[in-house]
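Participant: This is the structure, below, for whatever I ask next.
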Amino acid sequence: MTHTAFSVALAPADHGPVERLNAEPGMHELSRFGVPLGLAGLGGAWSAARSTLDFPLWPEETLYGAAAALWLLLTALYVFQGLRSRGTFRSDLQHEVAGPFASFIPLVGILLSSHYSSYVPLLGTWLCVASIAALAIVAAQLLAHWVIAGVSMQSIHPGYLLPVVAGSFVASIGFTSLHNHDAAMGAFGVGVFFWLVVGAVVTLRLMTGGALPPAAKTGLSAYLAAPATANIAWMVSHPGPLGTVQLGLTGVLVMMALMQVMLLPQYRKLPFSPAFWVFTFPVGATTNYAIRWLATTGVPGREIYSWAILGLATAFTLAIAARTAARTLARPR
């Protein structure tokens, strides 16, 4: 391929004006599901602490309860709005910026059903299977739209990793909770494939397509969500001593966590907005795996380290929740 042909192949398609990611102070309807997703992610971290180090139960149940209530409320409102305006979901799904956030709805469903299946096995199993099926349909629709209609390079952001990468790893966790190892490995394989493919496209856009808008930089935390969910998925499906695959995935997570540390000066410059909820799920998932990893080691004081990591993650999420509540109450009616 000549240099000219290569340049043409990578040039953004002409889709007309591109809407800036999070250009408005509010949130897209679909991105609001990042709130229950973040709460459920932190609930999973408390669940890991309880199962490995006998931590208290009430924080976990409080977080999952709040996530479930918000998920049901937001879903009902979104469905009601969609019934009033035909084609709403299809339009949102094809939105170049917000489209990937459609995966948040089934993602939360998988996390909640995996947790509550121990209380109501039949309902939990049904909801988990239904949520995984819904996630697969949403991901397939997104992929079909991306390859047929095309997406401008300027619209691509790290959130594109969530439906087909982190989503597939969460589906693998869901299948493991249903004791279906073969399906869990199938979902894990899908996640690895799209981690390589979509991850390369997203990274190419970030490296060559110019700087992201300031409000879109919160999405860089998606680089942490992929290895965090991959590590959890592999660990829960392969209990016992850490193997080569687990160690390799852990190395990737450490590198991505270090990258997030290097990005902290950029994050600190951002004015607070509801988009900060994007940070909460990657933080919760990373905390979840860190606690599980510490439980497999003989590190002295690992319980203290677990308390410290979990405390920081909880304080971070609660701070975002408090700022969001204050912002909402202060908004003119």
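Starting from 1 in every chain, residues are counted up; chains themselves are A, B, ... following the order of the structure tokens, and ligands are numbered from 1 as listed.
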Could you tell me, as an MDAnalysis selection string, which residues of stretch 106-286 of chain A DSSP assigns to alpha helix (DSSP H) when given the backbone?

Facilitator: chainID A and resid 106:116 121:148 161 167:177 181:208 222:237 244:268 280:286

Participant: Please produce, as a Markdown table, a per-residue contact table for stretch 66-164 of chain A versus stretch 196-212 of chain A (criterion: any atom at most 12 Å away, only C-alpha atoms considered), showing the nearest atom pair and its distance in Å to one decimal, sorted by chain then residue number.

Facilitator:
```
| residue | atom | partner | partner_atom | distance |
| --- | --- | --- | --- | --- |
| A:Leu143 | CA | A:Val198 | CA | 10.2 |
| A:Trp146 | CA | A:Val198 | CA | 11.0 |
| A:Val147 | CA | A:Val198 | CA | 11.9 |
| A:Val151 | CA | A:Val201 | CA | 11.2 |
| A:Ser152 | CA | A:Arg205 | CA | 9.9 |
| A:Met153 | CA | A:Arg205 | CA | 6.1 |
| A:Gln154 | CA | A:Gly209 | CA | 6.4 |
| A:Ser155 | CA | A:Arg205 | CA | 9.1 |
| A:Ile156 | CA | A:Val202 | CA | 6.5 |
| A:His157 | CA | A:Val202 | CA | 6.2 |
| A:Pro158 | CA | A:Val202 | CA | 6.1 |
| A:Gly159 | CA | A:Val202 | CA | 9.0 |
| A:Tyr160 | CA | A:Val198 | CA | 7.4 |
| A:Leu161 | CA | A:Val198 | CA | 6.5 |
| A:Leu162 | CA | A:Val198 | CA | 10.0 |
| A:Pro163 | CA | A:Val198 | CA | 10.4 |
| A:Val164 | CA | A:Val198 | CA | 8.3 |
```

Participant: Output all heavy atoms of each residue in that selection to a file, as a compact mmCIF listing (two decimals), in the first residue's frame.

Facilitator:
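Listed below is the output, out14.txt:
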```
# COMPACT_ATOMS: atom_id res chain seq x y z
N LEU A 143 -21.54 -2.73 16.35
CA LEU A 143 -20.50 -3.15 15.41
C LEU A 143 -20.99 -3.04 13.97
O LEU A 143 -20.27 -2.56 13.09
CB LEU A 143 -20.07 -4.58 15.72
CG LEU A 143 -19.20 -4.77 16.97
CD1 LEU A 143 -19.11 -6.25 17.32
CD2 LEU A 143 -17.82 -4.19 16.75
N TRP A 146 -21.08 0.57 13.00
CA TRP A 146 -19.74 1.13 12.83
C TRP A 146 -19.12 0.73 11.50
O TRP A 146 -18.46 1.55 10.85
CB TRP A 146 -18.83 0.69 13.98
CG TRP A 146 -19.23 1.23 15.31
CD1 TRP A 146 -20.08 2.27 15.56
CD2 TRP A 146 -18.80 0.76 16.60
NE1 TRP A 146 -20.21 2.47 16.91
CE2 TRP A 146 -19.45 1.56 17.58
CE3 TRP A 146 -17.97 -0.26 17.03
CZ2 TRP A 146 -19.26 1.37 18.95
CZ3 TRP A 146 -17.78 -0.47 18.39
CH2 TRP A 146 -18.42 0.35 19.34
N VAL A 147 -19.30 -0.53 11.09
CA VAL A 147 -18.63 -1.00 9.87
C VAL A 147 -19.41 -0.68 8.61
O VAL A 147 -18.84 -0.64 7.51
CB VAL A 147 -18.35 -2.52 9.94
CG1 VAL A 147 -17.46 -2.85 11.12
CG2 VAL A 147 -19.65 -3.31 10.01
N VAL A 151 -17.71 5.62 11.08
CA VAL A 151 -17.60 6.56 12.20
C VAL A 151 -16.42 7.48 11.92
O VAL A 151 -15.34 7.02 11.55
CB VAL A 151 -17.37 5.82 13.53
CG1 VAL A 151 -17.28 6.82 14.67
CG2 VAL A 151 -18.47 4.81 13.80
N SER A 152 -16.63 8.76 12.08
CA SER A 152 -15.53 9.70 11.88
C SER A 152 -14.49 9.50 12.98
O SER A 152 -14.84 9.26 14.14
CB SER A 152 -16.04 11.14 11.89
OG SER A 152 -16.56 11.48 13.16
N MET A 153 -13.23 9.60 12.62
CA MET A 153 -12.16 9.38 13.59
C MET A 153 -12.25 10.35 14.76
O MET A 153 -11.91 10.03 15.89
CB MET A 153 -10.80 9.51 12.91
CG MET A 153 -10.43 8.34 12.02
SD MET A 153 -10.18 6.79 12.94
CE MET A 153 -8.58 7.07 13.67
N GLN A 154 -12.73 11.58 14.50
CA GLN A 154 -12.80 12.58 15.56
C GLN A 154 -13.86 12.22 16.60
O GLN A 154 -13.81 12.72 17.73
CB GLN A 154 -13.10 13.96 14.96
CG GLN A 154 -11.97 14.53 14.13
CD GLN A 154 -10.68 14.66 14.92
OE1 GLN A 154 -10.69 15.16 16.04
NE2 GLN A 154 -9.57 14.18 14.38
N SER A 155 -14.83 11.38 16.24
CA SER A 155 -15.89 11.00 17.19
C SER A 155 -15.48 9.84 18.08
O SER A 155 -16.09 9.61 19.12
CB SER A 155 -17.16 10.64 16.42
OG SER A 155 -17.66 11.74 15.72
N ILE A 156 -14.49 9.07 17.66
CA ILE A 156 -14.08 7.89 18.42
C ILE A 156 -13.43 8.33 19.73
O ILE A 156 -12.63 9.25 19.77
CB ILE A 156 -13.11 7.03 17.60
CG1 ILE A 156 -13.83 6.45 16.37
CG2 ILE A 156 -12.53 5.90 18.43
CD1 ILE A 156 -12.93 5.68 15.43
N HIS A 157 -13.80 7.66 20.79
CA HIS A 157 -13.26 7.96 22.11
C HIS A 157 -13.08 6.65 22.88
O HIS A 157 -13.57 5.59 22.44
CB HIS A 157 -14.18 8.93 22.86
CG HIS A 157 -15.60 8.44 22.99
ND1 HIS A 157 -16.01 7.61 24.00
CD2 HIS A 157 -16.68 8.69 22.22
CE1 HIS A 157 -17.30 7.35 23.85
NE2 HIS A 157 -17.73 8.00 22.79
N PRO A 158 -12.40 6.64 24.03
CA PRO A 158 -12.14 5.39 24.76
C PRO A 158 -13.39 4.65 25.19
O PRO A 158 -13.33 3.45 25.47
CB PRO A 158 -11.33 5.87 25.97
CG PRO A 158 -10.65 7.11 25.51
CD PRO A 158 -11.63 7.78 24.60
N GLY A 159 -14.54 5.33 25.25
CA GLY A 159 -15.77 4.65 25.60
C GLY A 159 -16.16 3.56 24.62
O GLY A 159 -16.98 2.68 24.95
N TYR A 160 -15.57 3.57 23.43
CA TYR A 160 -15.83 2.51 22.45
C TYR A 160 -15.32 1.16 22.94
O TYR A 160 -15.71 0.11 22.41
CB TYR A 160 -15.18 2.86 21.11
CG TYR A 160 -16.02 3.76 20.23
CD1 TYR A 160 -16.44 5.02 20.68
CD2 TYR A 160 -16.39 3.38 18.96
CE1 TYR A 160 -17.20 5.84 19.88
CE2 TYR A 160 -17.16 4.20 18.15
CZ TYR A 160 -17.57 5.44 18.62
OH TYR A 160 -18.34 6.24 17.83
N LEU A 161 -14.45 1.17 23.93
CA LEU A 161 -13.94 -0.09 24.49
C LEU A 161 -14.97 -0.78 25.39
O LEU A 161 -14.88 -1.98 25.63
CB LEU A 161 -12.68 0.18 25.31
CG LEU A 161 -11.43 0.64 24.54
CD1 LEU A 161 -10.38 1.14 25.51
CD2 LEU A 161 -10.87 -0.50 23.70
N LEU A 162 -15.93 -0.02 25.90
CA LEU A 162 -16.82 -0.57 26.92
C LEU A 162 -17.77 -1.65 26.41
O LEU A 162 -17.90 -2.71 27.04
CB LEU A 162 -17.61 0.56 27.59
CG LEU A 162 -16.74 1.53 28.40
CD1 LEU A 162 -17.57 2.71 28.89
CD2 LEU A 162 -16.10 0.81 29.58
N PRO A 163 -18.49 -1.47 25.29
CA PRO A 163 -19.48 -2.48 24.90
C PRO A 163 -18.88 -3.83 24.55
O PRO A 163 -19.39 -4.87 24.98
CB PRO A 163 -20.17 -1.85 23.68
CG PRO A 163 -19.80 -0.42 23.69
CD PRO A 163 -18.48 -0.32 24.36
N VAL A 164 -17.79 -3.82 23.75
CA VAL A 164 -17.28 -5.07 23.21
C VAL A 164 -16.07 -5.62 23.96
O VAL A 164 -15.71 -6.79 23.79
CB VAL A 164 -16.93 -4.90 21.71
CG1 VAL A 164 -18.20 -4.73 20.89
CG2 VAL A 164 -16.00 -3.72 21.49
```

Participant: Give me the residues near A:Ile304 as a list of chain:residue names, where near means some atom within 12 Å (using only C-alpha atoms) and where sequence neighbours in that chain fewer than 6 positions away do not count.

Facilitator: A:Ala49, A:Leu53, A:Phe55, A:Ile291, A:Leu294, A:Ala295, A:Leu310, A:Gly311

Participant: If I take atom CA of A:Val165 and atom CA of A:Phe194, how far is one from the other in Å, to one decimal?

Facilitator: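 Separation between atom CA of A:Val165 and atom CA of A:Phe194: 5.7 Å.
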
Participant: Skipping near chain neighbours, those fewer than 5 positions away, what residues fall within 8 Å of A:Leu30 using only C-alpha atoms, listed as a VMD selection string?

Facilitator: chain A and resid 92 98 101 to 102 104 to 105

Participant: Could you name the residues that touch A:His238 at 10 Å or less, counting only C-alpha atoms, but leaving out those on the same chain fewer than 5 positions away, as a PDB file with all heavy atoms, in the first residue's frame?

Facilitator:
```
ATOM      1  N   THR A 176     -19.709 -17.165  34.625  1.00  0.00           N
ATOM      2  CA  THR A 176     -19.062 -17.897  35.713  1.00  0.00           C
ATOM      3  C   THR A 176     -19.978 -17.978  36.930  1.00  0.00           C
ATOM      4  O   THR A 176     -20.041 -19.010  37.609  1.00  0.00           O
ATOM      5  CB  THR A 176     -17.732 -17.226  36.100  1.00  0.00           C
ATOM      6  OG1 THR A 176     -16.843 -17.259  34.976  1.00  0.00           O
ATOM      7  CG2 THR A 176     -17.081 -17.952  37.273  1.00  0.00           C
ATOM      8  N   HIS A 181     -18.684 -22.592  32.581  1.00  0.00           N
ATOM      9  CA  HIS A 181     -17.295 -22.242  32.287  1.00  0.00           C
ATOM     10  C   HIS A 181     -17.049 -22.071  30.794  1.00  0.00           C
ATOM     11  O   HIS A 181     -16.314 -21.161  30.379  1.00  0.00           O
ATOM     12  CB  HIS A 181     -16.368 -23.324  32.854  1.00  0.00           C
ATOM     13  CG  HIS A 181     -14.908 -23.040  32.632  1.00  0.00           C
ATOM     14  ND1 HIS A 181     -14.198 -22.126  33.382  1.00  0.00           N
ATOM     15  CD2 HIS A 181     -14.022 -23.537  31.712  1.00  0.00           C
ATOM     16  CE1 HIS A 181     -12.944 -22.075  32.963  1.00  0.00           C
ATOM     17  NE2 HIS A 181     -12.819 -22.926  31.954  1.00  0.00           N
ATOM     18  N   ILE A 232     -10.527  -9.819  36.621  1.00  0.00           N
ATOM     19  CA  ILE A 232     -11.563 -10.405  37.472  1.00  0.00           C
ATOM     20  C   ILE A 232     -12.181 -11.614  36.785  1.00  0.00           C
ATOM     21  O   ILE A 232     -12.389 -12.665  37.406  1.00  0.00           O
ATOM     22  CB  ILE A 232     -12.649  -9.361  37.808  1.00  0.00           C
ATOM     23  CG1 ILE A 232     -12.053  -8.207  38.606  1.00  0.00           C
ATOM     24  CG2 ILE A 232     -13.784 -10.004  38.608  1.00  0.00           C
ATOM     25  CD1 ILE A 232     -13.004  -7.036  38.770  1.00  0.00           C
ATOM     26  N   ALA A 233     -12.487 -11.464  35.489  1.00  0.00           N
ATOM     27  CA  ALA A 233     -13.125 -12.555  34.749  1.00  0.00           C
ATOM     28  C   ALA A 233     -12.253 -13.811  34.757  1.00  0.00           C
ATOM     29  O   ALA A 233     -12.754 -14.928  34.954  1.00  0.00           O
ATOM     30  CB  ALA A 233     -13.409 -12.109  33.317  1.00  0.00           C
ATOM     31  N   GLY A 243      -1.825 -18.202  37.603  1.00  0.00           N
ATOM     32  CA  GLY A 243      -1.101 -18.798  36.489  1.00  0.00           C
ATOM     33  C   GLY A 243      -0.467 -17.746  35.601  1.00  0.00           C
ATOM     34  O   GLY A 243      -0.506 -16.541  35.878  1.00  0.00           O
ATOM     35  N   GLN A 246      -2.933 -15.086  34.209  1.00  0.00           N
ATOM     36  CA  GLN A 246      -3.317 -14.113  35.233  1.00  0.00           C
ATOM     37  C   GLN A 246      -2.195 -13.118  35.504  1.00  0.00           C
ATOM     38  O   GLN A 246      -2.440 -11.914  35.647  1.00  0.00           O
ATOM     39  CB  GLN A 246      -3.678 -14.842  36.527  1.00  0.00           C
ATOM     40  CG  GLN A 246      -4.327 -13.942  37.572  1.00  0.00           C
ATOM     41  CD  GLN A 246      -5.786 -13.668  37.255  1.00  0.00           C
ATOM     42  OE1 GLN A 246      -6.610 -14.557  37.315  1.00  0.00           O
ATOM     43  NE2 GLN A 246      -6.094 -12.426  36.932  1.00  0.00           N
TER      44      GLN A 246
END
```

Participant: How many Å lie between atom CA of A:Asp54 and atom CA of A:Val252, rounded to one decimal?

Facilitator: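 Value for the atom CA of A:Asp54-atom CA of A:Val252 distance: 28.5 Å.
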
Participant: How many Å lie between atom CA of A:Pro282 and atom CA of A:Pro100, rounded to one decimal?

Facilitator: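 That distance, rounded to one decimal, is 15.9 Å.
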
Participant: Pick out the residues sitting within 12 Å of A:Leu72, and hand them over as number ranges by chain; count only C-alpha atoms, and ignore anything fewer than 2 positions along from it in its own chain.

Facilitator: A: 33, 36, 65-70, 74-79, 105-106, 108-109, 112
